[in-house]
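S.K.: See protein_11.pdb below, with PDB, N, CA and C atoms.
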ATOM      1  N   MET Y  25      53.504  29.059 -24.976
ATOM      2  CA  MET Y  25      52.993  27.754 -25.359
ATOM      3  C   MET Y  25      51.552  27.914 -25.843
ATOM      4  N   LYS Y  26      51.206  27.134 -26.840
ATOM      5  CA  LYS Y  26      49.857  27.154 -27.399
ATOM      6  C   LYS Y  26      49.268  25.760 -27.303
ATOM      7  N   LEU Y  27      47.938  25.706 -27.263
ATOM      8  CA  LEU Y  27      47.232  24.445 -27.093
ATOM      9  C   LEU Y  27      46.908  23.824 -28.449
ATOM     10  N   TRP Y  28      47.179  22.513 -28.571
ATOM     11  CA  TRP Y  28      46.949  21.767 -29.809
ATOM     12  C   TRP Y  28      46.195  20.491 -29.498
ATOM     13  N   LEU Y  29      45.334  20.070 -30.409
ATOM     14  CA  LEU Y  29      44.720  18.743 -30.364
ATOM     15  C   LEU Y  29      45.546  17.897 -31.323
ATOM     16  N   VAL Y  30      46.247  16.919 -30.770
ATOM     17  CA  VAL Y  30      47.177  16.111 -31.550
ATOM     18  C   VAL Y  30      46.559  14.741 -31.806
ATOM     19  N   ILE Y  31      46.662  14.288 -33.044
ATOM     20  CA  ILE Y  31      46.164  12.979 -33.444
ATOM     21  C   ILE Y  31      47.363  12.080 -33.673
ATOM     22  N   TYR Y  32      47.441  11.039 -32.886
ATOM     23  CA  TYR Y  32      48.522  10.060 -33.034
ATOM     24  C   TYR Y  32      47.998   8.858 -33.801
ATOM     25  N   ALA Y  33      48.798   8.332 -34.696
ATOM     26  CA  ALA Y  33      48.496   7.096 -35.418
ATOM     27  C   ALA Y  33      49.584   6.120 -34.997
ATOM     28  N   GLY Y  34      49.250   5.255 -34.060
ATOM     29  CA  GLY Y  34      50.274   4.403 -33.459
ATOM     30  C   GLY Y  34      51.181   5.283 -32.627
ATOM     31  N   THR Y  35      52.469   5.231 -32.895
ATOM     32  CA  THR Y  35      53.423   6.062 -32.156
ATOM     33  C   THR Y  35      53.803   7.322 -32.917
ATOM     34  N   GLN Y  36      53.270   7.487 -34.115
ATOM     35  CA  GLN Y  36      53.599   8.635 -34.953
ATOM     36  C   GLN Y  36      52.512   9.698 -34.847
ATOM     37  N   ILE Y  37      52.881  10.946 -35.102
ATOM     38  CA  ILE Y  37      51.895  12.021 -35.154
ATOM     39  C   ILE Y  37      51.231  11.973 -36.513
ATOM     40  N   GLY Y  38      49.905  11.843 -36.496
ATOM     41  CA  GLY Y  38      49.151  11.750 -37.738
ATOM     42  C   GLY Y  38      48.533  13.068 -38.153
ATOM     43  N   GLY Y  39      48.497  14.028 -37.248
ATOM     44  CA  GLY Y  39      47.926  15.324 -37.563
ATOM     45  C   GLY Y  39      47.736  16.140 -36.302
ATOM     46  N   SER Y  40      47.316  17.377 -36.492
ATOM     47  CA  SER Y  40      47.052  18.234 -35.343
ATOM     48  C   SER Y  40      46.093  19.330 -35.743
ATOM     49  N   ALA Y  41      45.412  19.872 -34.751
ATOM     50  CA  ALA Y  41      44.539  21.029 -34.945
ATOM     51  C   ALA Y  41      45.003  22.092 -33.964
ATOM     52  N   GLY Y  42      45.187  23.280 -34.461
ATOM     53  CA  GLY Y  42      45.594  24.340 -33.565
ATOM     54  C   GLY Y  42      46.498  25.338 -34.251
ATOM     55  N   PRO Y  43      46.948  26.310 -33.510
ATOM     56  CA  PRO Y  43      46.696  26.475 -32.089
ATOM     57  C   PRO Y  43      45.220  26.763 -31.837
ATOM     58  N   LEU Y  44      44.708  26.207 -30.758
ATOM     59  CA  LEU Y  44      43.285  26.292 -30.449
ATOM     60  C   LEU Y  44      42.963  27.604 -29.742
ATOM     61  N   PRO Y  45      41.797  28.197 -30.070
ATOM     62  CA  PRO Y  45      41.434  29.485 -29.477
ATOM     63  C   PRO Y  45      40.731  29.362 -28.129
ATOM     64  N   TYR Y  46      40.776  28.190 -27.511
ATOM     65  CA  TYR Y  46      40.103  27.977 -26.235
ATOM     66  C   TYR Y  46      41.031  27.222 -25.295
ATOM     67  N   GLY Y  47      40.574  26.958 -24.081
ATOM     68  CA  GLY Y  47      41.404  26.356 -23.054
ATOM     69  C   GLY Y  47      41.386  24.837 -23.049
ATOM     70  N   MET Y  48      42.116  24.285 -22.098
ATOM     71  CA  MET Y  48      42.276  22.838 -21.978
ATOM     72  C   MET Y  48      40.945  22.124 -21.741
ATOM     73  N   GLU Y  49      40.070  22.719 -20.942
ATOM     74  CA  GLU Y  49      38.784  22.081 -20.645
ATOM     75  C   GLU Y  49      37.966  21.855 -21.923
ATOM     76  N   GLU Y  50      37.900  22.860 -22.778
ATOM     77  CA  GLU Y  50      37.178  22.734 -24.049
ATOM     78  C   GLU Y  50      37.872  21.733 -24.962
ATOM     79  N   CYS Y  51      39.184  21.733 -24.968
ATOM     80  CA  CYS Y  51      39.935  20.761 -25.767
ATOM     81  C   CYS Y  51      39.603  19.341 -25.314
ATOM     82  N   HIS Y  52      39.535  19.136 -24.011
ATOM     83  CA  HIS Y  52      39.184  17.807 -23.489
ATOM     84  C   HIS Y  52      37.788  17.389 -23.916
ATOM     85  N   ARG Y  53      36.853  18.339 -23.983
ATOM     86  CA  ARG Y  53      35.494  18.006 -24.462
ATOM     87  C   ARG Y  53      35.532  17.537 -25.915
ATOM     88  N   HIS Y  54      36.287  18.254 -26.752
ATOM     89  CA  HIS Y  54      36.420  17.847 -28.159
ATOM     90  C   HIS Y  54      37.110  16.485 -28.260
ATOM     91  N   ARG Y  55      38.172  16.306 -27.508
ATOM     92  CA  ARG Y  55      38.903  15.035 -27.499
ATOM     93  C   ARG Y  55      37.984  13.889 -27.078
ATOM     94  N   ASP Y  56      37.189  14.102 -26.049
ATOM     95  CA  ASP Y  56      36.296  13.053 -25.562
ATOM     96  C   ASP Y  56      35.232  12.692 -26.588
ATOM     97  N   ARG Y  57      34.731  13.691 -27.338
ATOM     98  CA  ARG Y  57      33.763  13.401 -28.408
ATOM     99  C   ARG Y  57      34.417  12.578 -29.510
ATOM    100  N   LEU Y  58      35.647  12.924 -29.872
ATOM    101  CA  LEU Y  58      36.362  12.158 -30.892
ATOM    102  C   LEU Y  58      36.610  10.725 -30.425
ATOM    103  N   ARG Y  59      37.001  10.564 -29.164
ATOM    104  CA  ARG Y  59      37.239   9.224 -28.629
ATOM    105  C   ARG Y  59      35.962   8.389 -28.609
ATOM    106  N   ALA Y  60      34.832   9.007 -28.242
ATOM    107  CA  ALA Y  60      33.557   8.286 -28.211
ATOM    108  C   ALA Y  60      33.145   7.854 -29.613
ATOM    109  N   SER Y  61      33.321   8.743 -30.571
ATOM    110  CA  SER Y  61      33.006   8.418 -31.958
ATOM    111  C   SER Y  61      33.913   7.300 -32.463
ATOM    112  N   GLN Y  62      35.187   7.378 -32.120
ATOM    113  CA  GLN Y  62      36.151   6.350 -32.508
ATOM    114  C   GLN Y  62      35.750   5.002 -31.917
ATOM    115  N   GLN Y  63      35.372   4.985 -30.646
ATOM    116  CA  GLN Y  63      34.999   3.731 -29.988
ATOM    117  C   GLN Y  63      33.743   3.134 -30.607
ATOM    118  N   GLU Y  64      32.809   3.989 -30.995
ATOM    119  CA  GLU Y  64      31.586   3.512 -31.640
ATOM    120  C   GLU Y  64      31.900   2.830 -32.969
ATOM    121  N   VAL Y  65      32.782   3.430 -33.756
ATOM    122  CA  VAL Y  65      33.180   2.838 -35.034
ATOM    123  C   VAL Y  65      33.871   1.492 -34.810
ATOM    124  N   ILE Y  66      34.748   1.441 -33.815
ATOM    125  CA  ILE Y  66      35.480   0.201 -33.544
ATOM    126  C   ILE Y  66      34.537  -0.891 -33.070
ATOM    127  N   SER Y  67      33.623  -0.552 -32.166
ATOM    128  CA  SER Y  67      32.745  -1.579 -31.599
ATOM    129  C   SER Y  67      31.629  -2.024 -32.541
ATOM    130  N   THR Y  68      31.116  -1.107 -33.367
ATOM    131  CA  THR Y  68      30.014  -1.481 -34.266
ATOM    132  C   THR Y  68      30.492  -1.892 -35.653
ATOM    133  N   GLY Y  69      31.677  -1.414 -36.040
ATOM    134  CA  GLY Y  69      32.156  -1.697 -37.392
ATOM    135  C   GLY Y  69      31.440  -0.874 -38.450
ATOM    136  N   PHE Y  70      30.745   0.194 -38.009
ATOM    137  CA  PHE Y  70      30.010   1.044 -38.941
ATOM    138  C   PHE Y  70      30.439   2.488 -38.749
ATOM    139  N   SER Y  71      30.728   3.172 -39.846
ATOM    140  CA  SER Y  71      31.109   4.577 -39.806
ATOM    141  C   SER Y  71      29.932   5.439 -40.228
ATOM    142  N   MET Y  72      29.471   6.285 -39.305
ATOM    143  CA  MET Y  72      28.372   7.207 -39.635
ATOM    144  C   MET Y  72      28.834   8.226 -40.675
ATOM    145  N   SER Y  73      30.074   8.695 -40.570
ATOM    146  CA  SER Y  73      30.549   9.715 -41.510
ATOM    147  C   SER Y  73      30.686   9.149 -42.929
ATOM    148  N   LEU Y  74      31.050   7.868 -43.032
ATOM    149  CA  LEU Y  74      31.149   7.231 -44.350
ATOM    150  C   LEU Y  74      29.839   6.574 -44.768
ATOM    151  N   ASN Y  75      28.946   6.392 -43.795
ATOM    152  CA  ASN Y  75      27.639   5.762 -44.019
ATOM    153  C   ASN Y  75      27.786   4.350 -44.600
ATOM    154  N   ARG Y  76      28.707   3.583 -43.993
ATOM    155  CA  ARG Y  76      28.910   2.207 -44.441
ATOM    156  C   ARG Y  76      29.677   1.421 -43.387
ATOM    157  N   LYS Y  77      29.650   0.109 -43.523
ATOM    158  CA  LYS Y  77      30.474  -0.742 -42.671
ATOM    159  C   LYS Y  77      31.936  -0.521 -43.060
ATOM    160  N   ILE Y  78      32.811  -0.627 -42.083
ATOM    161  CA  ILE Y  78      34.228  -0.449 -42.375
ATOM    162  C   ILE Y  78      34.906  -1.812 -42.470
ATOM    163  N   THR Y  79      36.031  -1.835 -43.158
ATOM    164  CA  THR Y  79      36.787  -3.076 -43.315
ATOM    165  C   THR Y  79      37.602  -3.339 -42.046
ATOM    166  N   GLU Y  80      38.122  -4.532 -41.909
ATOM    167  CA  GLU Y  80      38.965  -4.859 -40.757
ATOM    168  C   GLU Y  80      40.229  -3.998 -40.749
ATOM    169  N   ASP Y  81      40.766  -3.700 -41.920
ATOM    170  CA  ASP Y  81      41.932  -2.832 -42.008
ATOM    171  C   ASP Y  81      41.596  -1.433 -41.485
ATOM    172  N   GLU Y  82      40.448  -0.897 -41.883
ATOM    173  CA  GLU Y  82      40.018   0.410 -41.401
ATOM    174  C   GLU Y  82      39.765   0.383 -39.895
ATOM    175  N   ARG Y  83      39.214  -0.717 -39.403
ATOM    176  CA  ARG Y  83      38.949  -0.841 -37.969
ATOM    177  C   ARG Y  83      40.255  -0.850 -37.182
ATOM    178  N   SER Y  84      41.267  -1.574 -37.681
ATOM    179  CA  SER Y  84      42.545  -1.614 -36.964
ATOM    180  C   SER Y  84      43.239  -0.249 -36.991
ATOM    181  N   LYS Y  85      43.096   0.481 -38.091
ATOM    182  CA  LYS Y  85      43.667   1.829 -38.160
ATOM    183  C   LYS Y  85      42.959   2.765 -37.191
ATOM    184  N   ALA Y  86      41.645   2.645 -37.094
ATOM    185  CA  ALA Y  86      40.885   3.470 -36.148
ATOM    186  C   ALA Y  86      41.297   3.154 -34.716
ATOM    187  N   ALA Y  87      41.533   1.882 -34.429
ATOM    188  CA  ALA Y  87      41.927   1.477 -33.075
ATOM    189  C   ALA Y  87      43.311   1.999 -32.709
ATOM    190  N   ALA Y  88      44.158   2.221 -33.710
ATOM    191  CA  ALA Y  88      45.527   2.686 -33.456
ATOM    192  C   ALA Y  88      45.597   4.199 -33.251
ATOM    193  N   MET Y  89      44.500   4.907 -33.532
ATOM    194  CA  MET Y  89      44.495   6.364 -33.387
ATOM    195  C   MET Y  89      44.290   6.766 -31.933
ATOM    196  N   ARG Y  90      44.908   7.884 -31.582
ATOM    197  CA  ARG Y  90      44.788   8.410 -30.228
ATOM    198  C   ARG Y  90      44.708   9.928 -30.324
ATOM    199  N   PHE Y  91      43.826  10.528 -29.535
ATOM    200  CA  PHE Y  91      43.626  11.975 -29.539
ATOM    201  C   PHE Y  91      44.078  12.540 -28.199
ATOM    202  N   GLU Y  92      44.927  13.575 -28.222
ATOM    203  CA  GLU Y  92      45.453  14.169 -26.988
ATOM    204  C   GLU Y  92      45.498  15.692 -27.108
ATOM    205  N   CYS Y  93      45.256  16.359 -25.999
ATOM    206  CA  CYS Y  93      45.411  17.806 -25.914
ATOM    207  C   CYS Y  93      46.787  18.085 -25.321
ATOM    208  N   GLU Y  94      47.565  18.909 -26.021
ATOM    209  CA  GLU Y  94      48.937  19.147 -25.585
ATOM    210  C   GLU Y  94      49.327  20.604 -25.763
ATOM    211  N   TRP Y  95      50.104  21.095 -24.813
ATOM    212  CA  TRP Y  95      50.701  22.426 -24.932
ATOM    213  C   TRP Y  95      52.010  22.269 -25.694
ATOM    214  N   ARG Y  96      52.163  23.032 -26.767
ATOM    215  CA  ARG Y  96      53.386  23.000 -27.578
ATOM    216  C   ARG Y  96      53.750  24.429 -27.957
ATOM    217  N   ASP Y  97      55.020  24.661 -28.199
ATOM    218  CA  ASP Y  97      55.440  26.006 -28.587
ATOM    219  C   ASP Y  97      55.302  26.265 -30.089
ATOM    220  N   ARG Y  98      55.136  25.182 -30.874
ATOM    221  CA  ARG Y  98      54.983  25.362 -32.327
ATOM    222  C   ARG Y  98      54.204  24.187 -32.916
ATOM    223  N   ARG Y  99      53.805  24.345 -34.183
ATOM    224  CA  ARG Y  99      53.067  23.286 -34.882
ATOM    225  C   ARG Y  99      53.918  22.040 -34.980
ATOM    226  N   LEU Y 100      53.276  20.918 -34.771
ATOM    227  CA  LEU Y 100      53.964  19.627 -34.860
ATOM    228  C   LEU Y 100      54.184  19.241 -36.322
ATOM    229  N   VAL Y 101      55.283  18.597 -36.588
ATOM    230  CA  VAL Y 101      55.618  18.151 -37.942
ATOM    231  C   VAL Y 101      55.367  16.652 -38.008
ATOM    232  N   TRP Y 102      54.662  16.227 -39.044
ATOM    233  CA  TRP Y 102      54.421  14.793 -39.218
ATOM    234  C   TRP Y 102      54.743  14.359 -40.599
TER     235      TRP Y 102
END
Rewrite the coordinates I just gave you, this time as structure tokens.
M.R.:
Amino acid sequence: MKLWLVIYAGTQIGGSAGPLPYGMEECHRHRDRLRASQQEVISTGFSMSLNRKITEDERSKAAAMRFECEWRDRRLVW
């Protein structure tokens, strides 16, 4: 089994990173940073990476995203 950072968009898999060259603890740190950044965008309505306010559609899409660290035997298909 290999470790993957999986990005869910609603109930669907929206993407993944991996297999990761580090352990679960490091994956959780990356996941937590992504979640904090996501929450900041949702609560402020401003994206630092885009350097602009986001639309309500973009905000709802950001709110539907979920980041998880998972052990999988192969790359996820989306």
S.K.: Which residues, named as in the file, does the PyMOL selection byres (((chain Y and resi 82-92 and name CA) around 9) and name CA) pick out? Answer as a short mmCIF file (atom, residue, chain, number, x, y, z; two decimals) with N, CA and C atoms, in the frame of the given file.
M.R.:
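Generated file (part_8.cif):
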data_model
loop_
_atom_site.label_atom_id
_atom_site.label_comp_id
_atom_site.auth_asym_id
_atom_site.auth_seq_id
_atom_site.Cartn_x
_atom_site.Cartn_y
_atom_site.Cartn_z
N TRP Y 28 47.18 22.51 -28.57
CA TRP Y 28 46.95 21.77 -29.81
C TRP Y 28 46.20 20.49 -29.50
N LEU Y 29 45.33 20.07 -30.41
CA LEU Y 29 44.72 18.74 -30.36
C LEU Y 29 45.55 17.90 -31.32
N VAL Y 30 46.25 16.92 -30.77
CA VAL Y 30 47.18 16.11 -31.55
C VAL Y 30 46.56 14.74 -31.81
N ILE Y 31 46.66 14.29 -33.04
CA ILE Y 31 46.16 12.98 -33.44
C ILE Y 31 47.36 12.08 -33.67
N TYR Y 32 47.44 11.04 -32.89
CA TYR Y 32 48.52 10.06 -33.03
C TYR Y 32 48.00 8.86 -33.80
N ALA Y 33 48.80 8.33 -34.70
CA ALA Y 33 48.50 7.10 -35.42
C ALA Y 33 49.58 6.12 -35.00
N GLY Y 34 49.25 5.26 -34.06
CA GLY Y 34 50.27 4.40 -33.46
C GLY Y 34 51.18 5.28 -32.63
N THR Y 35 52.47 5.23 -32.90
CA THR Y 35 53.42 6.06 -32.16
C THR Y 35 53.80 7.32 -32.92
N GLY Y 38 49.90 11.84 -36.50
CA GLY Y 38 49.15 11.75 -37.74
C GLY Y 38 48.53 13.07 -38.15
N CYS Y 51 39.18 21.73 -24.97
CA CYS Y 51 39.94 20.76 -25.77
C CYS Y 51 39.60 19.34 -25.31
N HIS Y 52 39.53 19.14 -24.01
CA HIS Y 52 39.18 17.81 -23.49
C HIS Y 52 37.79 17.39 -23.92
N ARG Y 55 38.17 16.31 -27.51
CA ARG Y 55 38.90 15.04 -27.50
C ARG Y 55 37.98 13.89 -27.08
N ASP Y 56 37.19 14.10 -26.05
CA ASP Y 56 36.30 13.05 -25.56
C ASP Y 56 35.23 12.69 -26.59
N LEU Y 58 35.65 12.92 -29.87
CA LEU Y 58 36.36 12.16 -30.89
C LEU Y 58 36.61 10.72 -30.42
N ARG Y 59 37.00 10.56 -29.16
CA ARG Y 59 37.24 9.22 -28.63
C ARG Y 59 35.96 8.39 -28.61
N GLN Y 62 35.19 7.38 -32.12
CA GLN Y 62 36.15 6.35 -32.51
C GLN Y 62 35.75 5.00 -31.92
N GLN Y 63 35.37 4.99 -30.65
CA GLN Y 63 35.00 3.73 -29.99
C GLN Y 63 33.74 3.13 -30.61
N VAL Y 65 32.78 3.43 -33.76
CA VAL Y 65 33.18 2.84 -35.03
C VAL Y 65 33.87 1.49 -34.81
N ILE Y 66 34.75 1.44 -33.82
CA ILE Y 66 35.48 0.20 -33.54
C ILE Y 66 34.54 -0.89 -33.07
N SER Y 67 33.62 -0.55 -32.17
CA SER Y 67 32.74 -1.58 -31.60
C SER Y 67 31.63 -2.02 -32.54
N GLY Y 69 31.68 -1.41 -36.04
CA GLY Y 69 32.16 -1.70 -37.39
C GLY Y 69 31.44 -0.87 -38.45
N ILE Y 78 32.81 -0.63 -42.08
CA ILE Y 78 34.23 -0.45 -42.38
C ILE Y 78 34.91 -1.81 -42.47
N THR Y 79 36.03 -1.84 -43.16
CA THR Y 79 36.79 -3.08 -43.32
C THR Y 79 37.60 -3.34 -42.05
N GLU Y 80 38.12 -4.53 -41.91
CA GLU Y 80 38.97 -4.86 -40.76
C GLU Y 80 40.23 -4.00 -40.75
N ASP Y 81 40.77 -3.70 -41.92
CA ASP Y 81 41.93 -2.83 -42.01
C ASP Y 81 41.60 -1.43 -41.48
N CYS Y 93 45.26 16.36 -26.00
CA CYS Y 93 45.41 17.81 -25.91
C CYS Y 93 46.79 18.08 -25.32
N GLU Y 94 47.56 18.91 -26.02
CA GLU Y 94 48.94 19.15 -25.58
C GLU Y 94 49.33 20.60 -25.76
#
S.K.: Calculated over all atoms listed in the file, which of the candidates Y:Met72, Y:Leu27, Y:Leu100, Y:Ala60 has the smallest distance to Gly39 in chain Y?
M.R.: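 Selected residue with least distance to Gly39 in chain Y: Y:Leu100.
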S.K.: Could you please determine the separation between CA of Ser73 in chain Y and CA of His54 in chain Y in Å, to one decimal place?
M.R.: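 Between CA of Ser73 in chain Y and CA of His54 in chain Y the gap works out to 16.7 Å.
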S.K.: I need the residues in chain Y that are strand (DSSP E or B) according to DSSP; give them as a list in words.
M.R.: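 Residues of chain Y classed as strand (DSSP E or B): Lys26, Leu27, Trp28, Leu29, Val30, Ile31, Tyr32, Ala33, Gln36, Ile37, Gly38, Gly39, Ser40, Ala41, Phe70, Ser71, Arg76, Lys77, Met89, Arg90, Phe91, Glu92, Cys93, Glu94, Trp95 and Arg96 of chain Y.
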S.K.: So how many Å separate CA of Gly42 in chain Y and CA of Arg96 in chain Y, to one decimal?
M.R.: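 Those two atoms sit 9.9 Å apart.
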S.K.: DSSP on the backbone, helix (DSSP H, G or I) only: what residues of chain Y does that give? Format it as a PDB file with N, CA and C atoms, in the coordinates of the input.
M.R.:
ATOM      1  N   MET Y  48      42.116  24.285 -22.098  1.00  0.00           N
ATOM      2  CA  MET Y  48      42.276  22.838 -21.978  1.00  0.00           C
ATOM      3  C   MET Y  48      40.945  22.124 -21.741  1.00  0.00           C
ATOM      4  N   GLU Y  49      40.070  22.719 -20.942  1.00  0.00           N
ATOM      5  CA  GLU Y  49      38.784  22.081 -20.645  1.00  0.00           C
ATOM      6  C   GLU Y  49      37.966  21.855 -21.923  1.00  0.00           C
ATOM      7  N   GLU Y  50      37.900  22.860 -22.778  1.00  0.00           N
ATOM      8  CA  GLU Y  50      37.178  22.734 -24.049  1.00  0.00           C
ATOM      9  C   GLU Y  50      37.872  21.733 -24.962  1.00  0.00           C
ATOM     10  N   CYS Y  51      39.184  21.733 -24.968  1.00  0.00           N
ATOM     11  CA  CYS Y  51      39.935  20.761 -25.767  1.00  0.00           C
ATOM     12  C   CYS Y  51      39.603  19.341 -25.314  1.00  0.00           C
ATOM     13  N   HIS Y  52      39.535  19.136 -24.011  1.00  0.00           N
ATOM     14  CA  HIS Y  52      39.184  17.807 -23.489  1.00  0.00           C
ATOM     15  C   HIS Y  52      37.788  17.389 -23.916  1.00  0.00           C
ATOM     16  N   ARG Y  53      36.853  18.339 -23.983  1.00  0.00           N
ATOM     17  CA  ARG Y  53      35.494  18.006 -24.462  1.00  0.00           C
ATOM     18  C   ARG Y  53      35.532  17.537 -25.915  1.00  0.00           C
ATOM     19  N   HIS Y  54      36.287  18.254 -26.752  1.00  0.00           N
ATOM     20  CA  HIS Y  54      36.420  17.847 -28.159  1.00  0.00           C
ATOM     21  C   HIS Y  54      37.110  16.485 -28.260  1.00  0.00           C
ATOM     22  N   ARG Y  55      38.172  16.306 -27.508  1.00  0.00           N
ATOM     23  CA  ARG Y  55      38.903  15.035 -27.499  1.00  0.00           C
ATOM     24  C   ARG Y  55      37.984  13.889 -27.078  1.00  0.00           C
ATOM     25  N   ASP Y  56      37.189  14.102 -26.049  1.00  0.00           N
ATOM     26  CA  ASP Y  56      36.296  13.053 -25.562  1.00  0.00           C
ATOM     27  C   ASP Y  56      35.232  12.692 -26.588  1.00  0.00           C
ATOM     28  N   ARG Y  57      34.731  13.691 -27.338  1.00  0.00           N
ATOM     29  CA  ARG Y  57      33.763  13.401 -28.408  1.00  0.00           C
ATOM     30  C   ARG Y  57      34.417  12.578 -29.510  1.00  0.00           C
ATOM     31  N   LEU Y  58      35.647  12.924 -29.872  1.00  0.00           N
ATOM     32  CA  LEU Y  58      36.362  12.158 -30.892  1.00  0.00           C
ATOM     33  C   LEU Y  58      36.610  10.725 -30.425  1.00  0.00           C
ATOM     34  N   ARG Y  59      37.001  10.564 -29.164  1.00  0.00           N
ATOM     35  CA  ARG Y  59      37.239   9.224 -28.629  1.00  0.00           C
ATOM     36  C   ARG Y  59      35.962   8.389 -28.609  1.00  0.00           C
ATOM     37  N   ALA Y  60      34.832   9.007 -28.242  1.00  0.00           N
ATOM     38  CA  ALA Y  60      33.557   8.286 -28.211  1.00  0.00           C
ATOM     39  C   ALA Y  60      33.145   7.854 -29.613  1.00  0.00           C
ATOM     40  N   SER Y  61      33.321   8.743 -30.571  1.00  0.00           N
ATOM     41  CA  SER Y  61      33.006   8.418 -31.958  1.00  0.00           C
ATOM     42  C   SER Y  61      33.913   7.300 -32.463  1.00  0.00           C
ATOM     43  N   GLN Y  62      35.187   7.378 -32.120  1.00  0.00           N
ATOM     44  CA  GLN Y  62      36.151   6.350 -32.508  1.00  0.00           C
ATOM     45  C   GLN Y  62      35.750   5.002 -31.917  1.00  0.00           C
ATOM     46  N   GLN Y  63      35.372   4.985 -30.646  1.00  0.00           N
ATOM     47  CA  GLN Y  63      34.999   3.731 -29.988  1.00  0.00           C
ATOM     48  C   GLN Y  63      33.743   3.134 -30.607  1.00  0.00           C
ATOM     49  N   GLU Y  64      32.809   3.989 -30.995  1.00  0.00           N
ATOM     50  CA  GLU Y  64      31.586   3.512 -31.640  1.00  0.00           C
ATOM     51  C   GLU Y  64      31.900   2.830 -32.969  1.00  0.00           C
ATOM     52  N   VAL Y  65      32.782   3.430 -33.756  1.00  0.00           N
ATOM     53  CA  VAL Y  65      33.180   2.838 -35.034  1.00  0.00           C
ATOM     54  C   VAL Y  65      33.871   1.492 -34.810  1.00  0.00           C
ATOM     55  N   ILE Y  66      34.748   1.441 -33.815  1.00  0.00           N
ATOM     56  CA  ILE Y  66      35.480   0.201 -33.544  1.00  0.00           C
ATOM     57  C   ILE Y  66      34.537  -0.891 -33.070  1.00  0.00           C
ATOM     58  N   SER Y  67      33.623  -0.552 -32.166  1.00  0.00           N
ATOM     59  CA  SER Y  67      32.745  -1.579 -31.599  1.00  0.00           C
ATOM     60  C   SER Y  67      31.629  -2.024 -32.541  1.00  0.00           C
ATOM     61  N   THR Y  68      31.116  -1.107 -33.367  1.00  0.00           N
ATOM     62  CA  THR Y  68      30.014  -1.481 -34.266  1.00  0.00           C
ATOM     63  C   THR Y  68      30.492  -1.892 -35.653  1.00  0.00           C
ATOM     64  N   GLU Y  80      38.122  -4.532 -41.909  1.00  0.00           N
ATOM     65  CA  GLU Y  80      38.965  -4.859 -40.757  1.00  0.00           C
ATOM     66  C   GLU Y  80      40.229  -3.998 -40.749  1.00  0.00           C
ATOM     67  N   ASP Y  81      40.766  -3.700 -41.920  1.00  0.00           N
ATOM     68  CA  ASP Y  81      41.932  -2.832 -42.008  1.00  0.00           C
ATOM     69  C   ASP Y  81      41.596  -1.433 -41.485  1.00  0.00           C
ATOM     70  N   GLU Y  82      40.448  -0.897 -41.883  1.00  0.00           N
ATOM     71  CA  GLU Y  82      40.018   0.410 -41.401  1.00  0.00           C
ATOM     72  C   GLU Y  82      39.765   0.383 -39.895  1.00  0.00           C
ATOM     73  N   ARG Y  83      39.214  -0.717 -39.403  1.00  0.00           N
ATOM     74  CA  ARG Y  83      38.949  -0.841 -37.969  1.00  0.00           C
ATOM     75  C   ARG Y  83      40.255  -0.850 -37.182  1.00  0.00           C
ATOM     76  N   SER Y  84      41.267  -1.574 -37.681  1.00  0.00           N
ATOM     77  CA  SER Y  84      42.545  -1.614 -36.964  1.00  0.00           C
ATOM     78  C   SER Y  84      43.239  -0.249 -36.991  1.00  0.00           C
ATOM     79  N   LYS Y  85      43.096   0.481 -38.091  1.00  0.00           N
ATOM     80  CA  LYS Y  85      43.667   1.829 -38.160  1.00  0.00           C
ATOM     81  C   LYS Y  85      42.959   2.765 -37.191  1.00  0.00           C
ATOM     82  N   ALA Y  86      41.645   2.645 -37.094  1.00  0.00           N
ATOM     83  CA  ALA Y  86      40.885   3.470 -36.148  1.00  0.00           C
ATOM     84  C   ALA Y  86      41.297   3.154 -34.716  1.00  0.00           C
ATOM     85  N   ALA Y  87      41.533   1.882 -34.429  1.00  0.00           N
ATOM     86  CA  ALA Y  87      41.927   1.477 -33.075  1.00  0.00           C
ATOM     87  C   ALA Y  87      43.311   1.999 -32.709  1.00  0.00           C
ATOM     88  N   ALA Y  88      44.158   2.221 -33.710  1.00  0.00           N
ATOM     89  CA  ALA Y  88      45.527   2.686 -33.456  1.00  0.00           C
ATOM     90  C   ALA Y  88      45.597   4.199 -33.251  1.00  0.00           C
TER      91      ALA Y  88
END
S.K.: For Ala41 in chain Y, which of Y:Arg99, Y:Met25, Y:Glu64, Y:Arg76 is the closest residue, counting only C-alpha atoms?
M.R.: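 Closest residue, counting only C-alpha atoms: Y:Arg99.
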S.K.: Specify the axis-aligned box that encloses all atoms of range 76-82 of chain Y listed in the file after padding of 3 Å on each side, stating its centre and edge lengths in Å to one decimal as AutoDock Vina command-line options.
M.R.:
--center_x 35.3 --center_y -0.6 --center_z -42.2 --size_x 19.2 --size_y 14.4 --size_z 10.5
S.K.: Rounded to one decimal in Å, what is the spacing between CA of Pro43 in chain Y and CA of Asp97 in chain Y?
M.R.: 9.4 Å
S.K.: Nearest to Gln36 in chain Y: which of Y:Val101, Y:Asn75, Y:Ser61, Y:Phe70 is it, counting only C-alpha atoms?
M.R.: Y:Val101
